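> Take a look at this one; I'll ask things after.
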Amino acid sequence: MRRIVIANQKGGVAKTTTAINLAAEIARKGKKVLLIDMDPQYSATSSIFANTSFEYTVYDVIVNKINIQEVIHYSDAFGIDVVPSDIGLSGAPMRIAEQIGRERILLHYTRRLQYDYLIIDAPPSLGLLTVNALMASSEIIVPICPEYFSLKGMKFLEAIIDNLRNGLESNIEIAGIVITRYRERIVTNEAKNAVKNYFGEKVFKTIVPENIKLEEAHSAHLPIYKYDKKSKGAEAYSLLTKEVMNGRIN
Ligand SMILES: Nc1ncnc2c1ncn2[C@@H]1O[C@H](COP(=O)(O)OP(=O)(O)OP(=O)(O)O)[C@@H](O)[C@H]1O
Ligand SMILES: [Mg+2]
């Protein structure tokens, strides 16, 4: 099972958009996919399931030790299994803060799952929820929006990853950096080049452009390939998925 977390502590860089569309595209290619929403803002959950409320969420897995199988819901529209989240997840860090092995709780409950791909949507923070998401993963994809790119922020994220690898025996690797919400402008072009200079071959060739259809697809509760398969957004996520599924980029 490939375990991929979509993370960046910066808000609004398209983590959720990338997580749900990547998951749906991978499923479309015949793979069995589980998406875990680890964000108390539950954007992935509401994009996929509108305002359905769930008896149990990922909070119950982490805090109340509810069997994860009871928290998995299939989305017909996306063709994937989902462990939903809700606002209550914001209380989880306080509840688990004192536990031994608090960083590995999600890993513990997902380790034996039988999927081809586990995709985790992380919140825009570097707290215990994100640490659990990172520890449960062996690969990280970092969406970066050139307009908000901060080298300092990236160094901070890399330092966290190093700490997990050295201190907590995580084997997580950066699978790739994906440039998202790209608008052709001089400043964004410069920022894009800065991202490429810094990360080199880690940057996926596919650049996801700013495309209103991606935003509309959230409100329509559909993956972009179903909402508008001819859109630039659909094309980009289809190409990105190929790069991700091929393992490495060159
Ligand atoms: N390529 C795109 N073109 C246009 N709008 C986009 C694109 N990608 C994402 N968006 C929109 O930008 C907003 C933020 O995207 P998204 O929720 O995916 O980011 P996020 O990194 O998950 O945010 P958060 O940090 O709050 O979890 C959403 O309204 C989404 O619809
Ligand atoms: Mg999000």
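By order of appearance in the structure tokens: chains A, B, ..., then residues from 1 within every chain, and ligands from 1 in the order shown.
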List as a PyMOL selection string the protein and nucleic acid residues near A:Asn211, meaning an atom at most 8 Å away when only C-alpha atoms are counted, but skip any in the same chain fewer than 5 places from it.
chain A and resi 181+231-233
> Just write the chosen residues, C-alpha atoms, as a short mmCIF file (atom, residue, chain, number, x, y, z; two decimals), in the first residue's frame.

data_model
loop_
_atom_site.label_atom_id
_atom_site.label_comp_id
_atom_site.auth_asym_id
_atom_site.auth_seq_id
_atom_site.Cartn_x
_atom_site.Cartn_y
_atom_site.Cartn_z
CA ARG A 181 -3.11 27.60 -8.57
CA SER A 231 -11.10 21.72 -18.16
CA LYS A 232 -7.48 22.67 -17.61
CA GLY A 233 -7.88 21.53 -14.01
#
> Please identify the residues whose atoms come within 10 Å of ligand 1, using only C-alpha atoms and all ligand atoms, and report them as a PyMOL selection string.
chain A and resi 6-21+38-44+47+121-125+142-145+179-183+207-219+232-234+236-237
> Could you work out how far atom CA of A:Ala92 lies from atom CA of A:Ile119, giving the answer in Å with one decimal?
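Between these atoms lies a distance of 20.1 Å.
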> In Å, with one decimal, what is the gap from atom CA of A:Thr188 to atom CA of A:Leu151?
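Here the two named atoms are 14.4 Å from each other.
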> Pick out the closest residue to A:Lys29 from this set: A:Tyr117, A:His221, A:Asn197, A:Arg112. Count only C-alpha atoms.
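Of the candidates, the smallest distance to A:Lys29 is held by A:Tyr117.
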